[in-house]
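A.B. asks: entry-v5.csv is the file, holding CSV, C-alpha atoms:
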chain,number,residue,atom,x,y,z
C,1121,MET,CA,-16.6,-14.3,35.6
C,1122,LYS,CA,-16.4,-11.1,33.7
C,1123,ASN,CA,-12.8,-10.9,32.3
C,1124,ILE,CA,-12.3,-13.4,29.5
C,1125,LEU,CA,-9.1,-14.2,27.6
C,1126,ILE,CA,-9.5,-15.6,24.1
C,1127,THR,CA,-6.3,-16.9,22.6
C,1128,GLY,CA,-6.5,-16.9,18.8
C,1129,GLY,CA,-9.3,-14.4,19.4
C,1130,ALA,CA,-8.7,-12.6,16.1
C,1131,GLY,CA,-9.4,-15.8,14.2
C,1132,PHE,CA,-12.7,-17.0,12.8
C,1133,ILE,CA,-14.3,-18.6,15.8
C,1134,GLY,CA,-12.5,-16.5,18.4
C,1135,SER,CA,-13.6,-13.1,16.9
C,1136,ASN,CA,-17.2,-14.2,16.7
C,1137,LEU,CA,-17.1,-15.4,20.3
C,1138,ALA,CA,-15.4,-12.1,21.4
C,1139,LEU,CA,-18.2,-10.0,19.8
C,1140,LYS,CA,-20.9,-12.1,21.4
C,1141,LEU,CA,-19.3,-11.8,24.8
C,1142,ILE,CA,-18.9,-8.0,24.5
C,1143,ASP,CA,-22.6,-7.7,23.6
C,1144,LEU,CA,-23.3,-9.6,26.8
C,1145,GLY,CA,-21.2,-7.3,28.9
C,1146,TYR,CA,-18.0,-9.3,29.3
C,1147,SER,CA,-14.6,-7.7,29.2
C,1148,VAL,CA,-12.5,-9.5,26.5
C,1149,THR,CA,-8.8,-9.7,26.1
C,1150,VAL,CA,-7.4,-11.3,22.9
C,1151,LEU,CA,-4.0,-12.8,22.4
C,1152,ASP,CA,-3.2,-13.4,18.7
C,1153,ASN,CA,-0.2,-13.4,16.5
C,1154,LEU,CA,-2.2,-12.4,13.4
C,1155,SER,CA,-0.8,-15.2,11.3
C,1156,THR,CA,-0.4,-14.2,7.6
C,1157,GLN,CA,-1.8,-17.6,6.6
C,1158,ILE,CA,-5.1,-16.7,8.1
C,1159,HIS,CA,-5.1,-12.9,8.0
C,1160,GLY,CA,-3.1,-12.1,4.9
C,1161,GLU,CA,-0.2,-9.7,4.5
C,1162,ASN,CA,-0.4,-6.5,6.6
C,1163,PRO,CA,-3.2,-7.9,8.8
C,1164,GLU,CA,-3.6,-4.8,10.9
C,1165,VAL,CA,-4.8,-3.0,7.8
C,1166,SER,CA,-6.4,-5.7,5.7
C,1167,SER,CA,-7.8,-8.4,8.0
C,1168,SER,CA,-11.6,-8.1,8.4
C,1169,LEU,CA,-11.5,-10.5,11.3
C,1170,TYR,CA,-9.0,-8.3,13.2
C,1171,LYS,CA,-10.8,-5.1,12.3
C,1172,SER,CA,-14.1,-6.6,13.6
C,1173,ILE,CA,-12.7,-6.7,17.1
C,1174,LYS,CA,-10.3,-3.7,17.0
C,1175,GLY,CA,-11.0,-1.2,19.6
C,1176,LYS,CA,-13.6,-3.5,21.3
C,1177,VAL,CA,-11.2,-5.8,23.1
C,1178,THR,CA,-7.9,-5.5,24.8
C,1179,PHE,CA,-5.6,-6.7,22.1
C,1180,ILE,CA,-2.2,-8.3,22.7
C,1181,LYS,CA,-0.2,-9.1,19.6
C,1182,GLY,CA,1.7,-12.1,20.8
C,1183,ASP,CA,2.3,-15.8,20.6
C,1184,VAL,CA,1.3,-18.7,22.7
C,1185,THR,CA,4.8,-20.1,22.5
C,1186,SER,CA,6.0,-17.1,24.5
C,1187,ILE,CA,5.9,-17.3,28.3
C,1188,GLU,CA,5.9,-13.5,28.7
C,1189,ASP,CA,3.0,-13.1,26.2
C,1190,TRP,CA,1.0,-15.6,28.2
C,1191,ARG,CA,1.8,-13.8,31.5
C,1192,LYS,CA,0.7,-10.5,30.1
C,1193,ALA,CA,-2.5,-11.9,28.7
C,1194,MET,CA,-3.5,-13.9,31.7
C,1195,ALA,CA,-3.3,-11.1,34.2
C,1196,ASN,CA,-6.6,-10.6,36.0
C,1197,GLN,CA,-8.5,-13.0,33.8
C,1198,ASP,CA,-11.4,-15.1,35.2
C,1199,ALA,CA,-11.5,-17.6,32.3
C,1200,ILE,CA,-9.5,-18.6,29.3
C,1201,VAL,CA,-10.9,-19.8,25.9
C,1202,HIS,CA,-8.0,-21.4,24.2
C,1203,TYR,CA,-8.4,-21.3,20.4
C,1204,ALA,CA,-4.8,-20.4,19.3
C,1205,ALA,CA,-3.5,-23.3,17.2
C,1206,GLU,CA,-2.1,-24.3,13.9
C,1207,THR,CA,-4.9,-25.9,11.9
C,1208,GLY,CA,-5.1,-28.1,8.8
C,1209,THR,CA,-4.9,-31.9,8.6
C,1210,GLY,CA,-2.7,-32.1,5.4
C,1211,GLN,CA,-0.2,-29.4,6.4
C,1212,SER,CA,0.2,-31.0,9.8
C,1213,MET,CA,1.7,-34.1,8.2
C,1214,TYR,CA,4.8,-32.2,7.0
C,1215,GLU,CA,5.1,-29.2,9.3
C,1216,ILE,CA,5.1,-31.4,12.3
C,1217,ASN,CA,7.4,-29.4,14.6
C,1218,LYS,CA,5.4,-26.2,14.1
C,1219,TYR,CA,2.1,-28.0,15.0
C,1220,VAL,CA,3.6,-29.6,18.0
C,1221,LEU,CA,5.3,-26.4,19.2
C,1222,VAL,CA,2.2,-24.2,18.9
C,1223,ASN,CA,-0.5,-26.6,19.8
C,1224,ILE,CA,1.1,-28.8,22.5
C,1225,GLN,CA,3.9,-26.6,23.8
C,1226,GLY,CA,1.7,-23.5,23.8
C,1227,THR,CA,-0.9,-25.3,25.9
C,1228,ALA,CA,1.8,-26.6,28.2
C,1229,ILE,CA,3.0,-23.1,28.9
C,1230,MET,CA,-0.5,-22.0,29.8
C,1231,LEU,CA,-1.0,-24.9,32.2
C,1232,ASP,CA,2.5,-24.4,33.7
C,1233,LEU,CA,1.7,-20.8,34.5
C,1234,LEU,CA,-1.7,-21.7,35.9
C,1235,VAL,CA,-0.2,-24.3,38.2
C,1236,ASN,CA,2.9,-22.4,39.3
C,1237,GLU,CA,2.0,-18.7,39.3
C,1238,PRO,CA,-0.8,-16.7,41.1
C,1239,ASN,CA,-3.9,-16.1,38.9
C,1240,LYS,CA,-7.6,-15.6,39.1
C,1241,VAL,CA,-8.6,-18.1,36.4
C,1242,LYS,CA,-11.7,-20.2,37.4
C,1243,LYS,CA,-12.4,-22.0,34.0
C,1244,VAL,CA,-10.5,-23.0,30.9
C,1245,ILE,CA,-12.3,-23.9,27.7
C,1246,VAL,CA,-10.1,-25.7,25.1
C,1247,ALA,CA,-11.0,-26.1,21.4
C,1248,SER,CA,-10.6,-29.8,20.6
C,1249,SER,CA,-11.7,-31.3,17.3
C,1250,ARG,CA,-13.6,-34.1,15.6
C,1251,SER,CA,-10.2,-35.1,14.2
C,1252,ILE,CA,-9.3,-36.9,17.4
C,1253,TYR,CA,-11.9,-39.6,16.5
C,1254,GLY,CA,-9.9,-40.7,13.5
C,1255,GLU,CA,-12.1,-42.9,11.2
C,1256,GLY,CA,-15.0,-42.7,13.7
C,1257,LYS,CA,-17.6,-45.2,14.9
C,1258,TYR,CA,-19.3,-48.1,13.0
C,1259,TRP,CA,-21.7,-50.9,13.7
C,1260,ASN,CA,-21.4,-54.5,12.6
C,1261,LYS,CA,-24.1,-57.0,13.4
C,1262,GLU,CA,-21.6,-59.7,14.5
C,1263,LEU,CA,-19.1,-57.6,16.3
C,1264,GLY,CA,-21.2,-54.6,17.5
C,1265,HIS,CA,-19.4,-51.3,17.7
C,1266,VAL,CA,-16.1,-51.1,15.9
C,1267,TYR,CA,-13.5,-48.4,15.3
C,1268,PRO,CA,-11.7,-48.9,12.0
C,1269,GLU,CA,-8.0,-48.1,11.8
C,1270,HIS,CA,-6.5,-45.7,9.2
C,1271,ARG,CA,-7.1,-46.6,5.6
C,1272,LEU,CA,-4.3,-48.1,3.6
C,1273,GLY,CA,-2.6,-46.4,0.7
C,1274,GLU,CA,-2.7,-49.6,-1.3
C,1275,ASP,CA,-6.5,-49.8,-1.1
C,1276,MET,CA,-7.0,-46.1,-2.0
C,1277,ASP,CA,-4.5,-46.5,-4.9
C,1278,SER,CA,-7.1,-49.0,-6.2
C,1279,LYS,CA,-9.9,-46.4,-5.7
C,1280,ASP,CA,-11.2,-48.4,-2.7
C,1281,PHE,CA,-11.8,-45.5,-0.2
C,1282,GLU,CA,-14.2,-47.1,2.3
C,1283,VAL,CA,-12.9,-48.0,5.8
C,1284,LYS,CA,-12.4,-51.7,6.7
C,1285,TYR,CA,-12.4,-53.7,9.9
C,1286,PRO,CA,-10.8,-57.2,10.3
C,1287,GLY,CA,-13.3,-60.0,10.2
C,1288,CYS,CA,-16.3,-58.2,8.8
C,1289,SER,CA,-17.5,-56.7,5.6
C,1290,ASP,CA,-20.8,-55.1,6.6
C,1291,LEU,CA,-20.1,-51.8,8.3
C,1292,LYS,CA,-22.7,-49.1,9.2
C,1293,LEU,CA,-21.6,-45.6,9.9
C,1294,LEU,CA,-22.7,-44.2,13.3
C,1295,PRO,CA,-22.3,-40.8,14.8
C,1296,THR,CA,-19.3,-40.5,17.2
C,1297,ASP,CA,-20.3,-39.9,20.8
C,1298,GLU,CA,-17.8,-38.6,23.4
C,1299,ASP,CA,-17.1,-42.1,24.6
C,1300,SER,CA,-16.0,-43.2,21.1
C,1301,LYS,CA,-12.4,-44.5,20.7
C,1302,ILE,CA,-9.8,-41.7,20.3
C,1303,HIS,CA,-7.4,-42.6,17.5
C,1304,PRO,CA,-6.5,-39.6,15.4
C,1305,SER,CA,-5.1,-40.2,11.9
C,1306,SER,CA,-3.1,-36.9,11.5
C,1307,VAL,CA,-0.5,-34.9,13.4
C,1308,TYR,CA,-3.1,-32.2,13.8
C,1309,GLY,CA,-5.5,-34.7,15.4
C,1310,ILE,CA,-2.8,-35.9,17.7
C,1311,THR,CA,-2.0,-32.3,18.9
C,1312,LYS,CA,-5.7,-31.7,19.5
C,1313,GLN,CA,-5.9,-34.9,21.6
C,1314,ASN,CA,-2.9,-33.8,23.6
C,1315,GLN,CA,-4.3,-30.3,24.2
C,1316,GLU,CA,-7.6,-31.7,25.4
C,1317,GLN,CA,-6.1,-34.3,27.7
C,1318,MET,CA,-3.6,-31.9,29.2
C,1319,VAL,CA,-6.3,-29.3,30.0
C,1320,MET,CA,-8.7,-31.9,31.4
C,1321,THR,CA,-6.0,-33.5,33.5
C,1322,VAL,CA,-4.1,-30.5,34.9
C,1323,CYS,CA,-6.8,-27.9,35.6
C,1324,PRO,CA,-8.8,-29.8,38.2
C,1325,THR,CA,-5.6,-30.3,40.3
C,1326,VAL,CA,-5.5,-26.5,41.0
C,1327,GLY,CA,-9.3,-26.0,41.3
C,1328,ILE,CA,-9.9,-24.7,37.7
C,1329,ALA,CA,-12.9,-26.1,35.8
C,1330,PRO,CA,-11.9,-27.5,32.4
C,1331,VAL,CA,-14.3,-27.8,29.4
C,1332,ALA,CA,-13.4,-29.3,26.0
C,1333,PHE,CA,-15.4,-28.8,22.9
C,1334,ARG,CA,-14.8,-31.2,20.0
C,1335,TYR,CA,-15.8,-29.0,17.1
C,1336,GLN,CA,-16.9,-30.5,13.8
C,1337,ASN,CA,-16.3,-28.5,10.5
C,1338,VAL,CA,-17.1,-24.9,11.5
C,1339,TYR,CA,-18.1,-22.5,8.7
C,1340,GLY,CA,-19.8,-19.2,8.1
C,1341,PRO,CA,-19.3,-15.5,7.2
C,1342,GLY,CA,-15.9,-14.2,8.2
C,1343,GLN,CA,-13.9,-17.4,7.7
C,1344,SER,CA,-10.6,-16.9,5.8
C,1345,LEU,CA,-11.1,-17.1,2.0
C,1346,SER,CA,-7.3,-17.0,1.4
C,1347,ASN,CA,-6.1,-19.9,3.5
C,1348,PRO,CA,-5.5,-22.8,1.1
C,1349,TYR,CA,-4.8,-25.3,3.9
C,1350,THR,CA,-8.1,-25.7,5.7
C,1351,GLY,CA,-11.8,-25.0,5.3
C,1352,ILE,CA,-13.3,-26.8,2.4
C,1353,LEU,CA,-16.2,-24.3,1.9
C,1354,SER,CA,-13.8,-21.3,1.7
C,1355,ILE,CA,-11.4,-23.2,-0.6
C,1356,PHE,CA,-14.1,-24.2,-3.0
C,1357,SER,CA,-15.6,-20.7,-2.9
C,1358,THR,CA,-12.4,-19.1,-3.8
C,1359,GLN,CA,-11.9,-21.5,-6.7
C,1360,ILE,CA,-15.4,-20.9,-8.0
C,1361,LYS,CA,-15.0,-17.1,-7.7
C,1362,ASN,CA,-11.7,-17.2,-9.6
C,1363,GLY,CA,-13.4,-19.2,-12.4
C,1364,HIS,CA,-11.3,-22.3,-11.6
C,1365,GLY,CA,-12.6,-25.8,-11.7
C,1366,ILE,CA,-13.0,-27.8,-8.5
C,1367,ASN,CA,-11.1,-31.1,-8.1
C,1368,ILE,CA,-12.6,-33.4,-5.5
C,1369,PHE,CA,-10.6,-35.9,-3.6
C,1370,GLU,CA,-11.4,-39.7,-3.6
C,1371,ASP,CA,-14.8,-40.4,-5.0
C,1372,GLY,CA,-16.6,-37.4,-3.5
C,1373,LYS,CA,-18.7,-39.5,-1.2
C,1374,GLU,CA,-16.6,-38.7,1.9
C,1375,THR,CA,-18.7,-36.9,4.5
C,1376,ARG,CA,-18.3,-34.2,7.2
C,1377,ASP,CA,-20.5,-32.5,9.7
C,1378,PHE,CA,-20.7,-28.8,8.8
C,1379,VAL,CA,-21.7,-26.6,11.8
C,1380,TYR,CA,-22.6,-22.9,11.5
C,1381,ILE,CA,-20.5,-20.4,13.4
C,1382,ASP,CA,-23.5,-18.9,15.3
C,1383,ASP,CA,-24.2,-22.4,16.7
C,1384,VAL,CA,-20.6,-22.9,17.7
C,1385,VAL,CA,-20.5,-19.6,19.5
C,1386,ASP,CA,-23.8,-20.4,21.4
C,1387,ALA,CA,-22.4,-23.8,22.5
C,1388,THR,CA,-19.2,-22.3,23.7
C,1389,LEU,CA,-21.0,-19.6,25.6
C,1390,MET,CA,-23.0,-22.3,27.4
C,1391,GLY,CA,-19.8,-24.0,28.3
C,1392,LEU,CA,-18.5,-20.8,29.8
C,1393,GLU,CA,-21.6,-19.9,31.7
C,1394,LYS,CA,-23.0,-23.2,32.8
C,1395,GLU,CA,-21.6,-25.1,35.8
C,1396,GLU,CA,-23.0,-28.3,34.3
C,1397,ALA,CA,-20.2,-28.1,31.6
C,1398,ASN,CA,-17.4,-28.2,34.2
C,1399,GLY,CA,-15.1,-31.2,33.8
C,1400,GLU,CA,-16.8,-32.4,30.6
C,1401,THR,CA,-16.1,-32.9,26.9
C,1402,PHE,CA,-18.7,-32.1,24.3
C,1403,ASN,CA,-19.2,-32.7,20.6
C,1404,VAL,CA,-20.4,-29.6,18.7
C,1405,GLY,CA,-21.9,-30.2,15.3
C,1406,THR,CA,-25.2,-30.7,13.6
C,1407,GLY,CA,-25.4,-34.5,13.8
C,1408,VAL,CA,-25.9,-34.6,10.0
C,1409,PRO,CA,-23.2,-36.0,7.5
C,1410,THR,CA,-22.9,-34.2,4.2
C,1411,ASP,CA,-20.8,-35.5,1.3
C,1412,VAL,CA,-18.3,-33.4,-0.5
C,1413,VAL,CA,-20.0,-33.6,-3.9
C,1414,THR,CA,-23.1,-32.2,-2.3
C,1415,VAL,CA,-21.1,-29.4,-0.8
C,1416,ALA,CA,-19.5,-28.5,-4.1
C,1417,LYS,CA,-22.8,-28.6,-6.0
C,1418,THR,CA,-24.6,-26.6,-3.4
C,1419,LEU,CA,-22.0,-23.9,-3.5
C,1420,ILE,CA,-22.0,-23.7,-7.3
C,1421,GLN,CA,-25.8,-23.5,-7.3
C,1422,ASN,CA,-25.8,-20.7,-4.8
C,1423,TYR,CA,-23.2,-18.7,-6.6
C,1424,GLY,CA,-24.9,-19.2,-10.0
C,1425,LEU,CA,-21.5,-19.6,-11.8
C,1426,GLU,CA,-20.4,-22.1,-14.4
C,1427,THR,CA,-17.8,-24.4,-12.7
C,1428,THR,CA,-16.2,-27.6,-13.8
C,1429,LEU,CA,-16.5,-30.3,-11.2
C,1430,THR,CA,-13.9,-33.2,-11.4
C,1431,ILE,CA,-13.8,-36.2,-9.1
C,1432,THR,CA,-10.1,-37.0,-9.3
C,1433,GLY,CA,-9.6,-40.2,-7.2
C,1434,ASN,CA,-6.6,-38.5,-5.6
C,1435,TYR,CA,-6.3,-38.6,-1.8
C,1436,ARG,CA,-4.4,-37.0,1.0
C,1437,LEU,CA,-2.6,-39.0,3.7
C,1438,GLY,CA,-4.2,-38.2,7.1
C,1439,ASP,CA,-7.7,-37.6,5.8
C,1440,ILE,CA,-10.6,-39.6,7.2
C,1441,ARG,CA,-13.5,-41.0,5.3
C,1442,HIS,CA,-16.5,-40.1,7.4
C,1443,ASN,CA,-17.3,-38.4,10.7
C,1444,TYR,CA,-20.4,-36.8,12.2
C,1445,ALA,CA,-21.3,-35.9,15.7
C,1446,ASP,CA,-23.6,-37.5,18.3
C,1447,LEU,CA,-25.1,-34.6,20.1
C,1448,LYS,CA,-27.0,-36.4,22.9
C,1449,LYS,CA,-24.6,-35.3,25.7
C,1450,ILE,CA,-24.4,-31.6,24.9
C,1451,ASN,CA,-28.2,-31.5,24.4
C,1452,THR,CA,-28.9,-33.3,27.7
C,1453,LYS,CA,-26.3,-31.5,29.9
C,1454,LEU,CA,-26.3,-28.0,28.3
C,1455,GLY,CA,-29.5,-27.8,26.4
C,1456,PHE,CA,-27.7,-27.2,23.1
C,1457,SER,CA,-29.3,-27.9,19.7
C,1458,PRO,CA,-28.0,-26.4,16.4
C,1459,LYS,CA,-30.4,-23.8,14.9
C,1460,ILE,CA,-28.9,-23.4,11.5
C,1461,ASP,CA,-29.1,-26.3,9.0
C,1462,PHE,CA,-26.7,-26.8,6.1
C,1463,GLU,CA,-29.0,-25.3,3.5
C,1464,LYS,CA,-29.7,-22.2,5.4
C,1465,GLY,CA,-26.1,-21.8,6.5
C,1466,ILE,CA,-24.7,-22.1,3.0
C,1467,LYS,CA,-27.1,-19.4,1.8
C,1468,ARG,CA,-25.9,-17.1,4.5
C,1469,PHE,CA,-22.2,-18.0,3.8
C,1470,THR,CA,-22.4,-17.6,0.0
C,1471,SER,CA,-24.3,-14.3,0.4
C,1472,TRP,CA,-21.4,-13.0,2.5
C,1473,VAL,CA,-18.8,-14.3,0.1
C,1474,ASN,CA,-20.5,-12.4,-2.7
C,1475,THR,CA,-19.8,-9.1,-0.8
C,1476,GLN,CA,-16.1,-9.9,-0.4
C,1477,GLU,CA,-13.1,-9.1,-2.7
C,1478,ILE,CA,-12.1,-12.1,-4.7
C,1479,LYS,CA,-9.0,-13.6,-3.1
C,1480,GLU,CA,-6.1,-15.2,-5.0
C,1481,ASP,CA,-6.5,-19.0,-5.4
C,1482,ASN,CA,-3.5,-20.5,-3.7
C,1483,TYR,CA,-4.9,-24.0,-3.4
C,1484,GLY,CA,-2.6,-25.4,-6.1
C,1485,LYS,CA,0.4,-24.3,-3.9
C,1486,SER,CA,-0.8,-26.3,-1.0
C,1487,ILE,CA,-1.3,-29.4,-3.2
C,1488,ALA,CA,2.2,-29.0,-4.7
C,1489,GLU,CA,3.6,-29.0,-1.2
C,1490,LEU,CA,1.7,-32.2,-0.4
C,1491,LYS,CA,2.9,-33.8,-3.6
C,1492,GLN,CA,6.5,-32.8,-2.8
C,1493,LYS,CA,6.3,-34.4,0.6
C,1494,GLY,CA,4.6,-37.6,-0.7
C,1495,MET,CA,1.4,-36.8,1.1
C,1496,TYR,CA,-0.8,-36.4,-2.0
C,1497,LYS,CA,-1.4,-39.5,-4.1
Is it possible to give me this structure as C-alpha cells?
C.D. replies:
Amino acid sequence: MKNILITGGAGFIGSNLALKLIDLGYSVTVLDNLSTQIHGENPEVSSSLYKSIKGKVTFIKGDVTSIEDWRKAMANQDAIVHYAAETGTGQSMYEINKYVLVNIQGTAIMLDLLVNEPNKVKKVIVASSRSIYGEGKYWNKELGHVYPEHRLGEDMDSKDFEVKYPGCSDLKLLPTDEDSKIHPSSVYGITKQNQEQMVMTVCPTVGIAPVAFRYQNVYGPGQSLSNPYTGILSIFSTQIKNGHGINIFEDGKETRDFVYIDDVVDATLMGLEKEEANGETFNVGTGVPTDVVTVAKTLIQNYGLETTLTITGNYRLGDIRHNYADLKKINTKLGFSPKIDFEKGIKRFTSWVNTQEIKEDNYGKSIAELKQKGMYK
C-alpha cells in the first residue's frame, strides 16, 4: 500500500500523519475543506497546518458530504485514513444536524462508494474517540464492573459532580478497555460511535480491512489555537497569552487522558502497516488520568505568566467526569506504548505556543452560545 488518502488531512492529526507518511515514502492525497473554525480566515494563506503539507501532498479542497469530491479523492488509493469530522462535545449538542451530516453521512458516502463502485482500497482506518465510552468504567466491591449513566443536572446544580450508580456508593475509577460499555453522552460521541460501527461492519463485506482508533485527548505543536470549541490545552493557552483569567468547569477535579501527537501518529502508522490491526478497535492514549486544575497550573507555570485561576462550579451538558485508556490491547497486538509523558509533552507544546502569534480569545463566544441554548449551567 503506497497511495494513502487522508480525509481531514490538513487538520492537526491528519497533517502530522501526512508528513510522517511522506517521510516514509508514501504518496499522500488529502481531502479537506479547510474549515475556518480550525484554519481561520483565508486558510490558504494563513493556516500553518495547511502550509505544512502544501506542495507535499496531492491536495483536494472538498467536502466529505460531496459524492463527487469523494470519487475524485478515492481514485487509485490503496488505503483511507478517515479523519474528516466536526469535533467538539459542547457544540455538537446544539449543531446536531451539522455533526450528523458531516460525521455520519460523510462516512456513509465513503462506504457506499467502496461497496458499489470499482476501487483499489485495501484498508480503512477510522478515527473514533474516547467519547463513545460516556462516563467510563468503574469498580464496586459488591457489583463488580459498573458503567454509570450520564450525570443529572440536579446533582451538578448542587455541586455534586461525581458519577453515581444505583445500589452502591463506593465507586473506583478504572481505565476503559475496548470491551467497555459504549454509551456516549453527547451527539459528537454518538456520531463517532456510528462512524466506527459502520466502518467495522461494512468494510469486511467487500474484503477491505477496517481499523478503528479510539483517540483520547490529542495535543501538541500545530493544534489550532483559535478554535474555541475543542482542545482544552489550546483554549487555556490562548486565554493565558491574552492575559485573561481561566475559568474551570465543575470543581476542576475532572480528568482526561492527554496523549501527545507523535504517539498518536506512531499508533496510527502501526494500524496502517500491521496486518495484526485488521478488523480491530484500539484505544490510543497514555493510560494516565490528569485533572483539569493540574492542566491549568502546569500551563501557567510553563508560560511564566500571572493568570487568575477560578473554579466556577459551572458545567456543560454532555461533558463526562473522567476517562482514561486501558492500553493492554494495543500494546499486545501492535507493540504500541506512548513515549511522551504529560510533563514532557506540555513543555514541547508550550515552547511551540511561545513561537506563535497570539490568537484572539473567542472562548467567551462559545460559552455564550452554550448559555443561549441552555447547555451551560
A.B. asks: Using all atoms listed in the file and a cutoff of 12 Å, can you tell me which residues are near (-20.2, -23.0, -13.5) in the file's coordinates, and write them out as JSON, numbers by chain?
C.D. replies: {"C": [1357, 1359, 1360, 1361, 1362, 1363, 1364, 1365, 1366, 1416, 1417, 1418, 1419, 1420, 1421, 1422, 1423, 1424, 1425, 1426, 1427, 1428, 1429]}
A.B. asks: Excluding Leu1293 of chain C and residues on its chain fewer than 2 positions from it, collect all residues at most 12 Å away from it, counting only C-alpha atoms, and give them as a list of chain:residue names.
C.D. replies: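 Answer for this query is C:Glu1255, C:Gly1256, C:Lys1257, C:Tyr1258, C:Trp1259, C:Asn1260, C:Gly1264, C:His1265, C:Val1266, C:Tyr1267, C:Pro1268, C:Glu1282, C:Val1283, C:Lys1284, C:Asp1290, C:Leu1291, C:Pro1295, C:Thr1296, C:Glu1374, C:Thr1375, C:Val1408, C:Pro1409, C:Arg1441, C:His1442, C:Asn1443, C:Tyr1444, C:Ala1445, C:Asp1446.
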A.B. asks: Let me make sure I understand: among C:Asp1143, C:Asp1198, C:Asp1280, C:Glu1237, which one has the smallest atom-to-atom distance to Ile1328 of chain C if we use only C-alpha atoms?
C.D. replies: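 Smallest separation from Ile1328 of chain C among the options: C:Asp1198.
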A.B. asks: Just to confirm, what's the straight-line distance from atom CA of Ile1133 of chain C to atom CA of Glu1400 of chain C in Å (one decimal)?
C.D. replies: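 Atom CA of Ile1133 of chain C sits 20.4 Å away from atom CA of Glu1400 of chain C.
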A.B. asks: Which residue is closest to Ile1245 of chain C? Choose from C:Thr1325, C:Asn1136, C:Gln1476, C:Thr1127 and count only C-alpha atoms.
C.D. replies: C:Thr1127
A.B. asks: Could you tell me how far atom CA of Thr1414 of chain C lies from atom CA of Phe1369 of chain C, in Å and to one decimal?
C.D. replies: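 About the pair atom CA of Thr1414 of chain C and atom CA of Phe1369 of chain C: they are 13.1 Å apart.
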A.B. asks: List the residues sitting within 10 Å of (1.6, -37.4, -4.2) in the file's frame, using only C-alpha atoms, as a list of chain:residue names.
C.D. replies: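 Output of the proximity query reads C:Asn1434, C:Tyr1435, C:Arg1436, C:Leu1437, C:Ile1487, C:Ala1488, C:Glu1489, C:Leu1490, C:Lys1491, C:Gln1492, C:Lys1493, C:Gly1494, C:Met1495, C:Tyr1496, C:Lys1497.
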A.B. asks: For the residues in the current selection, export C-alpha atoms as a CSV table (one decimal), keeping the file's coordinate frame.
C.D. replies:
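Ended up saving to selection.csv:
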chain,number,residue,atom,x,y,z
C,1434,ASN,CA,-6.6,-38.5,-5.6
C,1435,TYR,CA,-6.3,-38.6,-1.8
C,1436,ARG,CA,-4.4,-37.0,1.0
C,1437,LEU,CA,-2.6,-39.0,3.7
C,1487,ILE,CA,-1.3,-29.4,-3.2
C,1488,ALA,CA,2.2,-29.0,-4.7
C,1489,GLU,CA,3.6,-29.0,-1.2
C,1490,LEU,CA,1.7,-32.2,-0.4
C,1491,LYS,CA,2.9,-33.8,-3.6
C,1492,GLN,CA,6.5,-32.8,-2.8
C,1493,LYS,CA,6.3,-34.4,0.6
C,1494,GLY,CA,4.6,-37.6,-0.7
C,1495,MET,CA,1.4,-36.8,1.1
C,1496,TYR,CA,-0.8,-36.4,-2.0
C,1497,LYS,CA,-1.4,-39.5,-4.1
A.B. asks: Can you sort out segment 1408-1420 of chain C so it carries N, CA and C atoms, written as a tab-separated table (two decimals), keeping the file's coordinate frame?
C.D. replies:
chain	number	residue	atom	x	y	z
C	1408	VAL	N	-25.45	-34.25	11.38
C	1408	VAL	CA	-25.90	-34.60	10.00
C	1408	VAL	C	-24.63	-34.71	9.12
C	1409	PRO	N	-24.38	-35.86	8.47
C	1409	PRO	CA	-23.20	-36.00	7.50
C	1409	PRO	C	-23.63	-35.43	6.15
C	1410	THR	N	-22.72	-34.69	5.53
C	1410	THR	CA	-22.90	-34.20	4.20
C	1410	THR	C	-21.72	-34.52	3.33
C	1411	ASP	N	-21.95	-35.12	2.16
C	1411	ASP	CA	-20.80	-35.50	1.30
C	1411	ASP	C	-20.25	-34.37	0.55
C	1412	VAL	N	-18.99	-34.51	0.12
C	1412	VAL	CA	-18.30	-33.40	-0.50
C	1412	VAL	C	-18.84	-33.00	-1.84
C	1413	VAL	N	-19.33	-33.95	-2.61
C	1413	VAL	CA	-20.00	-33.60	-3.90
C	1413	VAL	C	-21.17	-32.71	-3.65
C	1414	THR	N	-21.97	-33.04	-2.65
C	1414	THR	CA	-23.10	-32.20	-2.30
C	1414	THR	C	-22.69	-30.80	-1.92
C	1415	VAL	N	-21.61	-30.71	-1.16
C	1415	VAL	CA	-21.10	-29.40	-0.80
C	1415	VAL	C	-20.73	-28.58	-2.00
C	1416	ALA	N	-19.97	-29.19	-2.91
C	1416	ALA	CA	-19.50	-28.50	-4.10
C	1416	ALA	C	-20.72	-28.04	-4.96
C	1417	LYS	N	-21.66	-28.94	-5.20
C	1417	LYS	CA	-22.80	-28.60	-6.00
C	1417	LYS	C	-23.69	-27.54	-5.40
C	1418	THR	N	-23.83	-27.58	-4.08
C	1418	THR	CA	-24.60	-26.60	-3.40
C	1418	THR	C	-23.99	-25.19	-3.50
C	1419	LEU	N	-22.67	-25.13	-3.36
C	1419	LEU	CA	-22.00	-23.90	-3.50
C	1419	LEU	C	-22.12	-23.31	-4.93
C	1420	ILE	N	-21.90	-24.16	-5.92
C	1420	ILE	CA	-22.00	-23.70	-7.30
C	1420	ILE	C	-23.42	-23.20	-7.60
